[in-house]
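Okay, structure first, notes after.
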Amino acid sequence: MPELPEVETVRRGLAPVLLGRRLTRVVVRQPMLRWPVPLEFARALTGRRVEALDRRGKYLLIRLDDDRVVIGHLGMSGSLAVRPPGEAPALHDHVILETDAGACVTFHDPRRFGALLLSTALGVEAHPLLAHLGPEPLDGAFDGPALAARLAGKRCSVKAALLDQRVVAGLGNIYVSESLFRAGLSPRRLAGSVSGARAARLAVAIQAVLLEALESGGSTLRDHRQANGELGYFQHAFAVYDKEGQPCPGCDCDVAREGGIRRLVQGGRSTFYCARRQR
DNA sequence: AACAAGACCTGCATGC
DNA sequence: TGCATGCAGGTCTTGT
């Protein structure tokens with residue numbers, strides 16, 4: 001599920017429930033996520049107050065009042081949602097946090113590719129999972145030249161490069177396809193060839209797609225929920241993702257003759273694009 | 001050094 | 001109806 005807009009949607013939804021609250025009860029029902037939840041996780045969180053809720057790329061950072069930081073990742077199918085207190089946990093509800101206001105936040109993740117780890121305020125930036133992340137695409141400093149510098153010399157496809165979190169932090173399979181479509185760039189294009197005006201177009205496209213997705217509460221294909229349980233609805237605004245064979249919304253290409261939106265597999269992952277509009 | 005493939009795990013749609 | 005297959009929003013690890 002979760003790319004930057006979904007994680008940011010969850011962060012914004014959880015903030016009013018968690019910020020400034022004390023965690024009164026923490027239950028780890030299933031510790032075997034991507035990596036085991038640390039043995040001391042429940043003990044470390046119980047009684048602590050949540051001082052800040054941040055996001056870095058696709059990672060959520062829950063900062064506690066004792067300088068500990070929870071590093072959270074939702075993997076493919078994870079969600080963090082506020083549940084009615086007292087409700088019985090559902091299948092795949094792996095970790096439950098209760099606050100002194102009586103709120104109940106549940107980490108739910110059928111595939112268990114997600115993670116909940118512990119770090120410290122001083123160490124979190126240098127944590128192996130975060131240390132090499134590229135720039136935040138919604139930062140003011142992210143622009144054409146910044147992106148071009150990250151892509152320079154790369155021999156892989158621009159699609160593969162954008163999925164690499166060291167190049168830009170937070171893009172995933174959906175938003176890479178959508179961004180390349182908006183920028184009019186072929187997903188097969190050599191990453192290193194994207195510079196100058198092309199890089200500027202791509203940077204603008206990435207920001208526009210992410211901001212629009214954010215306004216829609218992210219994309220719900222299956223698992224993503226906003227923290228309040230509502231679905232995201234940006235999936236209705238996809239131009240190309242999962243639209244193989246459908247007409248391209250940006251040009252009048254003939255589906256019968258040109259095939260409309262095409263699907264391509266790169267690095268084992270589907271890419272969707274319009275061959276006519278993307279060069 | 002760069003890249004692809006394999007691994008992790010569950011659920012769902014499809015086709016026989 | 002049941003079963004096998006393939007695919008899915010991610011990314012670390014292993015092998016070429």
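Quick note on naming: the chains in the structure tokens go A, B, ... in the order shown, residues restart at 1 in each chain, and ligands are numbered from 1 in order of appearance.
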
**Request:** Compile the residues of chain A that lie within 12 Å of chain C, evaluated using only C-alpha atoms (C1' of nucleotides), and express the compilation as a VMD selection string.
**Result:** chain A and resid 1 to 7 34 to 35 58 to 59 73 to 79 111 to 115 128 to 129 163 to 166 170 to 176 218 to 224 235 241 to 242 268 to 270

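Within 7 Å of chain A, counting only C-alpha atoms (C1' of nucleotides), chain B contributes DA4, DC9 and DT10 of chain B.
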
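Across the structure, CA of Pro89 (chain A) and CA of Thr46 (chain A) are spaced 19.0 Å apart.
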
Check the DSSP output for the backbone and give back, as a PDB file with N, CA, C and O atoms, in the first residue's frame, the residues of region 4-216 of chain A in alpha helix (DSSP H).
```pdb
ATOM      1  N   LEU A   4       4.370   7.535  -0.005  1.00  0.00           N
ATOM      2  CA  LEU A   4       4.390   8.764   0.802  1.00  0.00           C
ATOM      3  C   LEU A   4       2.996   9.325   1.116  1.00  0.00           C
ATOM      4  O   LEU A   4       2.715   9.632   2.284  1.00  0.00           O
ATOM      5  N   PRO A   5       2.097   9.450   0.153  1.00  0.00           N
ATOM      6  CA  PRO A   5       0.805  10.064   0.484  1.00  0.00           C
ATOM      7  C   PRO A   5      -0.004   9.258   1.493  1.00  0.00           C
ATOM      8  O   PRO A   5      -0.712   9.837   2.330  1.00  0.00           O
ATOM      9  N   GLU A   6       0.108   7.934   1.427  1.00  0.00           N
ATOM     10  CA  GLU A   6      -0.633   7.101   2.376  1.00  0.00           C
ATOM     11  C   GLU A   6      -0.016   7.233   3.775  1.00  0.00           C
ATOM     12  O   GLU A   6      -0.745   7.349   4.768  1.00  0.00           O
ATOM     13  N   VAL A   7       1.313   7.206   3.841  1.00  0.00           N
ATOM     14  CA  VAL A   7       1.960   7.318   5.152  1.00  0.00           C
ATOM     15  C   VAL A   7       1.697   8.690   5.761  1.00  0.00           C
ATOM     16  O   VAL A   7       1.400   8.814   6.952  1.00  0.00           O
ATOM     17  N   GLU A   8       1.753   9.719   4.935  1.00  0.00           N
ATOM     18  CA  GLU A   8       1.505  11.076   5.443  1.00  0.00           C
ATOM     19  C   GLU A   8       0.047  11.225   5.888  1.00  0.00           C
ATOM     20  O   GLU A   8      -0.248  11.881   6.886  1.00  0.00           O
ATOM     21  N   THR A   9      -0.863  10.606   5.157  1.00  0.00           N
ATOM     22  CA  THR A   9      -2.278  10.626   5.546  1.00  0.00           C
ATOM     23  C   THR A   9      -2.468   9.981   6.918  1.00  0.00           C
ATOM     24  O   THR A   9      -3.180  10.507   7.783  1.00  0.00           O
ATOM     25  N   VAL A  10      -1.787   8.857   7.116  1.00  0.00           N
ATOM     26  CA  VAL A  10      -1.866   8.169   8.401  1.00  0.00           C
ATOM     27  C   VAL A  10      -1.248   9.037   9.499  1.00  0.00           C
ATOM     28  O   VAL A  10      -1.818   9.187  10.587  1.00  0.00           O
ATOM     29  N   ARG A  11      -0.121   9.651   9.195  1.00  0.00           N
ATOM     30  CA  ARG A  11       0.531  10.511  10.188  1.00  0.00           C
ATOM     31  C   ARG A  11      -0.408  11.643  10.624  1.00  0.00           C
ATOM     32  O   ARG A  11      -0.593  11.899  11.808  1.00  0.00           O
ATOM     33  N   ARG A  12      -1.011  12.292   9.662  1.00  0.00           N
ATOM     34  CA  ARG A  12      -1.896  13.411   9.981  1.00  0.00           C
ATOM     35  C   ARG A  12      -3.119  12.957  10.769  1.00  0.00           C
ATOM     36  O   ARG A  12      -3.617  13.663  11.635  1.00  0.00           O
ATOM     37  N   GLY A  13      -3.597  11.772  10.457  1.00  0.00           N
ATOM     38  CA  GLY A  13      -4.770  11.265  11.156  1.00  0.00           C
ATOM     39  C   GLY A  13      -4.470  10.831  12.578  1.00  0.00           C
ATOM     40  O   GLY A  13      -5.309  10.964  13.469  1.00  0.00           O
ATOM     41  N   LEU A  14      -3.255  10.330  12.783  1.00  0.00           N
ATOM     42  CA  LEU A  14      -2.902   9.854  14.123  1.00  0.00           C
ATOM     43  C   LEU A  14      -2.485  10.990  15.043  1.00  0.00           C
ATOM     44  O   LEU A  14      -2.629  10.884  16.263  1.00  0.00           O
ATOM     45  N   ALA A  15      -1.991  12.064  14.454  1.00  0.00           N
ATOM     46  CA  ALA A  15      -1.433  13.150  15.277  1.00  0.00           C
ATOM     47  C   ALA A  15      -2.390  13.627  16.369  1.00  0.00           C
ATOM     48  O   ALA A  15      -2.001  13.696  17.536  1.00  0.00           O
ATOM     49  N   PRO A  16      -3.650  13.948  16.032  1.00  0.00           N
ATOM     50  CA  PRO A  16      -4.531  14.457  17.088  1.00  0.00           C
ATOM     51  C   PRO A  16      -4.819  13.435  18.174  1.00  0.00           C
ATOM     52  O   PRO A  16      -5.152  13.801  19.301  1.00  0.00           O
ATOM     53  N   VAL A  17      -4.683  12.159  17.850  1.00  0.00           N
ATOM     54  CA  VAL A  17      -4.981  11.108  18.826  1.00  0.00           C
ATOM     55  C   VAL A  17      -3.767  10.816  19.722  1.00  0.00           C
ATOM     56  O   VAL A  17      -3.916  10.456  20.884  1.00  0.00           O
ATOM     57  N   LEU A  18      -2.569  10.979  19.146  1.00  0.00           N
ATOM     58  CA  LEU A  18      -1.376  10.561  19.885  1.00  0.00           C
ATOM     59  C   LEU A  18      -0.576  11.719  20.493  1.00  0.00           C
ATOM     60  O   LEU A  18       0.030  11.560  21.556  1.00  0.00           O
ATOM     61  N   PHE A  41       9.810  -3.710  23.452  1.00  0.00           N
ATOM     62  CA  PHE A  41       8.955  -2.694  22.824  1.00  0.00           C
ATOM     63  C   PHE A  41       7.825  -2.216  23.741  1.00  0.00           C
ATOM     64  O   PHE A  41       7.668  -1.020  23.986  1.00  0.00           O
ATOM     65  N   ALA A  42       7.053  -3.140  24.251  1.00  0.00           N
ATOM     66  CA  ALA A  42       5.892  -2.760  25.067  1.00  0.00           C
ATOM     67  C   ALA A  42       6.355  -2.046  26.338  1.00  0.00           C
ATOM     68  O   ALA A  42       5.811  -1.001  26.714  1.00  0.00           O
ATOM     69  N   ARG A  43       7.410  -2.594  26.953  1.00  0.00           N
ATOM     70  CA  ARG A  43       7.928  -2.000  28.184  1.00  0.00           C
ATOM     71  C   ARG A  43       8.466  -0.596  27.923  1.00  0.00           C
ATOM     72  O   ARG A  43       8.280   0.330  28.706  1.00  0.00           O
ATOM     73  N   ALA A  44       9.138  -0.430  26.774  1.00  0.00           N
ATOM     74  CA  ALA A  44       9.753   0.860  26.460  1.00  0.00           C
ATOM     75  C   ALA A  44       8.706   1.944  26.202  1.00  0.00           C
ATOM     76  O   ALA A  44       8.937   3.115  26.464  1.00  0.00           O
ATOM     77  N   LEU A  45       7.562   1.545  25.677  1.00  0.00           N
ATOM     78  CA  LEU A  45       6.550   2.556  25.312  1.00  0.00           C
ATOM     79  C   LEU A  45       5.577   2.866  26.444  1.00  0.00           C
ATOM     80  O   LEU A  45       5.042   3.974  26.526  1.00  0.00           O
ATOM     81  N   GLY A 144      14.146  20.487 -10.084  1.00  0.00           N
ATOM     82  CA  GLY A 144      14.788  19.848 -11.224  1.00  0.00           C
ATOM     83  C   GLY A 144      16.266  19.585 -11.024  1.00  0.00           C
ATOM     84  O   GLY A 144      16.722  18.441 -11.162  1.00  0.00           O
ATOM     85  N   PRO A 145      17.035  20.618 -10.695  1.00  0.00           N
ATOM     86  CA  PRO A 145      18.471  20.401 -10.510  1.00  0.00           C
ATOM     87  C   PRO A 145      18.786  19.381  -9.409  1.00  0.00           C
ATOM     88  O   PRO A 145      19.699  18.561  -9.552  1.00  0.00           O
ATOM     89  N   ALA A 146      18.023  19.429  -8.319  1.00  0.00           N
ATOM     90  CA  ALA A 146      18.265  18.483  -7.222  1.00  0.00           C
ATOM     91  C   ALA A 146      18.005  17.056  -7.698  1.00  0.00           C
ATOM     92  O   ALA A 146      18.778  16.128  -7.401  1.00  0.00           O
ATOM     93  N   LEU A 147      16.928  16.884  -8.459  1.00  0.00           N
ATOM     94  CA  LEU A 147      16.598  15.550  -8.958  1.00  0.00           C
ATOM     95  C   LEU A 147      17.624  15.096  -9.992  1.00  0.00           C
ATOM     96  O   LEU A 147      18.097  13.957  -9.964  1.00  0.00           O
ATOM     97  N   ALA A 148      17.990  16.002 -10.884  1.00  0.00           N
ATOM     98  CA  ALA A 148      18.969  15.667 -11.927  1.00  0.00           C
ATOM     99  C   ALA A 148      20.286  15.217 -11.304  1.00  0.00           C
ATOM    100  O   ALA A 148      20.919  14.264 -11.775  1.00  0.00           O
ATOM    101  N   ALA A 149      20.668  15.881 -10.221  1.00  0.00           N
ATOM    102  CA  ALA A 149      21.933  15.527  -9.560  1.00  0.00           C
ATOM    103  C   ALA A 149      21.876  14.100  -9.022  1.00  0.00           C
ATOM    104  O   ALA A 149      22.862  13.368  -9.042  1.00  0.00           O
ATOM    105  N   ARG A 150      20.677  13.698  -8.560  1.00  0.00           N
ATOM    106  CA  ARG A 150      20.505  12.348  -8.010  1.00  0.00           C
ATOM    107  C   ARG A 150      20.485  11.285  -9.096  1.00  0.00           C
ATOM    108  O   ARG A 150      20.808  10.123  -8.853  1.00  0.00           O
ATOM    109  N   LEU A 151      20.046  11.686 -10.286  1.00  0.00           N
ATOM    110  CA  LEU A 151      19.916  10.725 -11.388  1.00  0.00           C
ATOM    111  C   LEU A 151      21.183  10.654 -12.237  1.00  0.00           C
ATOM    112  O   LEU A 151      21.382   9.678 -12.975  1.00  0.00           O
ATOM    113  N   VAL A 158      14.781   5.153 -15.625  1.00  0.00           N
ATOM    114  CA  VAL A 158      14.311   6.197 -14.713  1.00  0.00           C
ATOM    115  C   VAL A 158      13.235   5.625 -13.790  1.00  0.00           C
ATOM    116  O   VAL A 158      13.118   6.025 -12.623  1.00  0.00           O
ATOM    117  N   LYS A 159      12.480   4.637 -14.273  1.00  0.00           N
ATOM    118  CA  LYS A 159      11.493   3.968 -13.410  1.00  0.00           C
ATOM    119  C   LYS A 159      12.170   3.326 -12.212  1.00  0.00           C
ATOM    120  O   LYS A 159      11.766   3.521 -11.063  1.00  0.00           O
ATOM    121  N   ALA A 160      13.214   2.539 -12.490  1.00  0.00           N
ATOM    122  CA  ALA A 160      13.923   1.862 -11.404  1.00  0.00           C
ATOM    123  C   ALA A 160      14.574   2.881 -10.469  1.00  0.00           C
ATOM    124  O   ALA A 160      14.573   2.705  -9.245  1.00  0.00           O
ATOM    125  N   ALA A 161      15.118   3.941 -11.043  1.00  0.00           N
ATOM    126  CA  ALA A 161      15.797   4.947 -10.219  1.00  0.00           C
ATOM    127  C   ALA A 161      14.828   5.614  -9.245  1.00  0.00           C
ATOM    128  O   ALA A 161      15.158   5.848  -8.083  1.00  0.00           O
ATOM    129  N   LEU A 162      13.626   5.905  -9.717  1.00  0.00           N
ATOM    130  CA  LEU A 162      12.668   6.598  -8.841  1.00  0.00           C
ATOM    131  C   LEU A 162      12.132   5.687  -7.738  1.00  0.00           C
ATOM    132  O   LEU A 162      11.668   6.169  -6.702  1.00  0.00           O
ATOM    133  N   LEU A 163      12.185   4.377  -7.979  1.00  0.00           N
ATOM    134  CA  LEU A 163      11.772   3.446  -6.920  1.00  0.00           C
ATOM    135  C   LEU A 163      12.863   3.297  -5.858  1.00  0.00           C
ATOM    136  O   LEU A 163      12.596   2.807  -4.760  1.00  0.00           O
ATOM    137  N   ASN A 173       5.484   2.181  -6.450  1.00  0.00           N
ATOM    138  CA  ASN A 173       5.110   1.746  -7.796  1.00  0.00           C
ATOM    139  C   ASN A 173       3.988   2.575  -8.414  1.00  0.00           C
ATOM    140  O   ASN A 173       4.011   2.868  -9.607  1.00  0.00           O
ATOM    141  N   ILE A 174       3.016   2.960  -7.627  1.00  0.00           N
ATOM    142  CA  ILE A 174       1.907   3.753  -8.178  1.00  0.00           C
ATOM    143  C   ILE A 174       2.380   5.137  -8.613  1.00  0.00           C
ATOM    144  O   ILE A 174       2.183   5.554  -9.758  1.00  0.00           O
ATOM    145  N   TYR A 175       3.001   5.848  -7.681  1.00  0.00           N
ATOM    146  CA  TYR A 175       3.273   7.266  -7.934  1.00  0.00           C
ATOM    147  C   TYR A 175       4.430   7.468  -8.899  1.00  0.00           C
ATOM    148  O   TYR A 175       4.531   8.527  -9.515  1.00  0.00           O
ATOM    149  N   VAL A 176       5.281   6.452  -9.062  1.00  0.00           N
ATOM    150  CA  VAL A 176       6.311   6.553 -10.093  1.00  0.00           C
ATOM    151  C   VAL A 176       5.660   6.493 -11.471  1.00  0.00           C
ATOM    152  O   VAL A 176       5.932   7.319 -12.341  1.00  0.00           O
ATOM    153  N   SER A 177       4.760   5.525 -11.668  1.00  0.00           N
ATOM    154  CA  SER A 177       4.059   5.450 -12.956  1.00  0.00           C
ATOM    155  C   SER A 177       3.296   6.739 -13.242  1.00  0.00           C
ATOM    156  O   SER A 177       3.343   7.274 -14.353  1.00  0.00           O
ATOM    157  N   GLU A 178       2.578   7.228 -12.245  1.00  0.00           N
ATOM    158  CA  GLU A 178       1.766   8.423 -12.438  1.00  0.00           C
ATOM    159  C   GLU A 178       2.636   9.650 -12.713  1.00  0.00           C
ATOM    160  O   GLU A 178       2.296  10.494 -13.549  1.00  0.00           O
ATOM    161  N   SER A 179       3.762   9.755 -12.025  1.00  0.00           N
ATOM    162  CA  SER A 179       4.647  10.916 -12.202  1.00  0.00           C
ATOM    163  C   SER A 179       5.291  10.917 -13.580  1.00  0.00           C
ATOM    164  O   SER A 179       5.380  11.960 -14.233  1.00  0.00           O
ATOM    165  N   LEU A 180       5.750   9.737 -14.021  1.00  0.00           N
ATOM    166  CA  LEU A 180       6.382   9.655 -15.338  1.00  0.00           C
ATOM    167  C   LEU A 180       5.376   9.981 -16.435  1.00  0.00           C
ATOM    168  O   LEU A 180       5.705  10.629 -17.428  1.00  0.00           O
ATOM    169  N   PHE A 181       4.141   9.556 -16.232  1.00  0.00           N
ATOM    170  CA  PHE A 181       3.105   9.886 -17.203  1.00  0.00           C
ATOM    171  C   PHE A 181       2.925  11.408 -17.301  1.00  0.00           C
ATOM    172  O   PHE A 181       2.931  11.990 -18.375  1.00  0.00           O
ATOM    173  N   ARG A 182       2.815  12.037 -16.150  1.00  0.00           N
ATOM    174  CA  ARG A 182       2.596  13.489 -16.159  1.00  0.00           C
ATOM    175  C   ARG A 182       3.758  14.247 -16.741  1.00  0.00           C
ATOM    176  O   ARG A 182       3.589  15.302 -17.350  1.00  0.00           O
ATOM    177  N   ALA A 183       4.963  13.697 -16.526  1.00  0.00           N
ATOM    178  CA  ALA A 183       6.158  14.382 -17.032  1.00  0.00           C
ATOM    179  C   ALA A 183       6.388  14.061 -18.502  1.00  0.00           C
ATOM    180  O   ALA A 183       7.265  14.649 -19.138  1.00  0.00           O
ATOM    181  N   GLY A 196      18.155  18.762 -16.894  1.00  0.00           N
ATOM    182  CA  GLY A 196      17.645  20.005 -17.464  1.00  0.00           C
ATOM    183  C   GLY A 196      16.134  20.108 -17.410  1.00  0.00           C
ATOM    184  O   GLY A 196      15.509  19.886 -16.366  1.00  0.00           O
ATOM    185  N   ALA A 197      15.529  20.427 -18.569  1.00  0.00           N
ATOM    186  CA  ALA A 197      14.088  20.655 -18.610  1.00  0.00           C
ATOM    187  C   ALA A 197      13.299  19.394 -18.259  1.00  0.00           C
ATOM    188  O   ALA A 197      12.242  19.460 -17.635  1.00  0.00           O
ATOM    189  N   ARG A 198      13.843  18.229 -18.666  1.00  0.00           N
ATOM    190  CA  ARG A 198      13.137  16.975 -18.348  1.00  0.00           C
ATOM    191  C   ARG A 198      13.102  16.742 -16.848  1.00  0.00           C
ATOM    192  O   ARG A 198      12.076  16.346 -16.286  1.00  0.00           O
ATOM    193  N   ALA A 199      14.217  16.959 -16.195  1.00  0.00           N
ATOM    194  CA  ALA A 199      14.272  16.766 -14.744  1.00  0.00           C
ATOM    195  C   ALA A 199      13.349  17.763 -14.048  1.00  0.00           C
ATOM    196  O   ALA A 199      12.679  17.424 -13.068  1.00  0.00           O
ATOM    197  N   ALA A 200      13.304  18.967 -14.575  1.00  0.00           N
ATOM    198  CA  ALA A 200      12.425  19.985 -13.986  1.00  0.00           C
ATOM    199  C   ALA A 200      10.971  19.559 -14.117  1.00  0.00           C
ATOM    200  O   ALA A 200      10.192  19.653 -13.157  1.00  0.00           O
ATOM    201  N   ARG A 201      10.611  19.059 -15.295  1.00  0.00           N
ATOM    202  CA  ARG A 201       9.234  18.585 -15.509  1.00  0.00           C
ATOM    203  C   ARG A 201       8.910  17.432 -14.573  1.00  0.00           C
ATOM    204  O   ARG A 201       7.815  17.334 -14.020  1.00  0.00           O
ATOM    205  N   LEU A 202       9.879  16.535 -14.426  1.00  0.00           N
ATOM    206  CA  LEU A 202       9.653  15.360 -13.576  1.00  0.00           C
ATOM    207  C   LEU A 202       9.491  15.764 -12.115  1.00  0.00           C
ATOM    208  O   LEU A 202       8.599  15.257 -11.418  1.00  0.00           O
ATOM    209  N   ALA A 203      10.321  16.671 -11.660  1.00  0.00           N
ATOM    210  CA  ALA A 203      10.222  17.118 -10.261  1.00  0.00           C
ATOM    211  C   ALA A 203       8.853  17.758 -10.009  1.00  0.00           C
ATOM    212  O   ALA A 203       8.208  17.479  -8.990  1.00  0.00           O
ATOM    213  N   VAL A 204       8.415  18.573 -10.942  1.00  0.00           N
ATOM    214  CA  VAL A 204       7.102  19.215 -10.802  1.00  0.00           C
ATOM    215  C   VAL A 204       5.990  18.166 -10.803  1.00  0.00           C
ATOM    216  O   VAL A 204       5.056  18.229 -10.003  1.00  0.00           O
ATOM    217  N   ALA A 205       6.123  17.187 -11.704  1.00  0.00           N
ATOM    218  CA  ALA A 205       5.104  16.138 -11.807  1.00  0.00           C
ATOM    219  C   ALA A 205       5.026  15.331 -10.514  1.00  0.00           C
ATOM    220  O   ALA A 205       3.927  15.027 -10.026  1.00  0.00           O
ATOM    221  N   ILE A 206       6.178  14.981  -9.970  1.00  0.00           N
ATOM    222  CA  ILE A 206       6.211  14.207  -8.722  1.00  0.00           C
ATOM    223  C   ILE A 206       5.498  14.979  -7.616  1.00  0.00           C
ATOM    224  O   ILE A 206       4.642  14.439  -6.904  1.00  0.00           O
ATOM    225  N   GLN A 207       5.826  16.245  -7.491  1.00  0.00           N
ATOM    226  CA  GLN A 207       5.206  17.038  -6.429  1.00  0.00           C
ATOM    227  C   GLN A 207       3.699  17.184  -6.629  1.00  0.00           C
ATOM    228  O   GLN A 207       2.927  17.076  -5.674  1.00  0.00           O
ATOM    229  N   ALA A 208       3.296  17.396  -7.866  1.00  0.00           N
ATOM    230  CA  ALA A 208       1.870  17.575  -8.138  1.00  0.00           C
ATOM    231  C   ALA A 208       1.098  16.299  -7.826  1.00  0.00           C
ATOM    232  O   ALA A 208       0.037  16.330  -7.183  1.00  0.00           O
ATOM    233  N   VAL A 209       1.622  15.163  -8.269  1.00  0.00           N
ATOM    234  CA  VAL A 209       0.939  13.886  -8.035  1.00  0.00           C
ATOM    235  C   VAL A 209       0.839  13.606  -6.535  1.00  0.00           C
ATOM    236  O   VAL A 209      -0.221  13.220  -6.031  1.00  0.00           O
ATOM    237  N   LEU A 210       1.928  13.818  -5.824  1.00  0.00           N
ATOM    238  CA  LEU A 210       1.916  13.521  -4.390  1.00  0.00           C
ATOM    239  C   LEU A 210       0.945  14.434  -3.651  1.00  0.00           C
ATOM    240  O   LEU A 210       0.209  13.989  -2.771  1.00  0.00           O
ATOM    241  N   LEU A 211       0.943  15.703  -4.018  1.00  0.00           N
ATOM    242  CA  LEU A 211       0.042  16.642  -3.335  1.00  0.00           C
ATOM    243  C   LEU A 211      -1.418  16.324  -3.621  1.00  0.00           C
ATOM    244  O   LEU A 211      -2.260  16.370  -2.721  1.00  0.00           O
ATOM    245  N   GLU A 212      -1.706  15.985  -4.862  1.00  0.00           N
ATOM    246  CA  GLU A 212      -3.099  15.641  -5.185  1.00  0.00           C
ATOM    247  C   GLU A 212      -3.527  14.370  -4.466  1.00  0.00           C
ATOM    248  O   GLU A 212      -4.658  14.272  -3.980  1.00  0.00           O
ATOM    249  N   ALA A 213      -2.621  13.391  -4.418  1.00  0.00           N
ATOM    250  CA  ALA A 213      -2.942  12.145  -3.725  1.00  0.00           C
ATOM    251  C   ALA A 213      -3.198  12.418  -2.241  1.00  0.00           C
ATOM    252  O   ALA A 213      -4.115  11.863  -1.638  1.00  0.00           O
ATOM    253  N   LEU A 214      -2.379  13.289  -1.700  1.00  0.00           N
ATOM    254  CA  LEU A 214      -2.510  13.652  -0.284  1.00  0.00           C
ATOM    255  C   LEU A 214      -3.872  14.286  -0.018  1.00  0.00           C
ATOM    256  O   LEU A 214      -4.537  13.995   0.976  1.00  0.00           O
ATOM    257  N   GLU A 215      -4.302  15.134  -0.916  1.00  0.00           N
ATOM    258  CA  GLU A 215      -5.613  15.777  -0.758  1.00  0.00           C
ATOM    259  C   GLU A 215      -6.748  14.764  -0.798  1.00  0.00           C
ATOM    260  O   GLU A 215      -7.812  15.002  -0.238  1.00  0.00           O
TER     261      GLU A 215
END
```

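Taking CA of Cys104 (chain A) and CA of Leu117 (chain A) as the two end points, the separation is 19.4 Å.
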
**Asked** Could you state the separation of CA of Phe238 (chain A) and C1' of DG15 (chain B) in Å, given to one decimal place?
**Response** 28.1 Å

**Request:** Using backbone DSSP assignments, extract all strand (DSSP E) residues from region 195-275 of chain A; output them as a PyMOL selection string.
**Result:** chain A and resi 261-266+269-274

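The shortest atom-to-atom distance to Pro36 (chain A), with only C-alpha atoms taken into account, belongs to A:Leu116 out of A:Leu116, A:Val105, A:Ala227, A:Val70.
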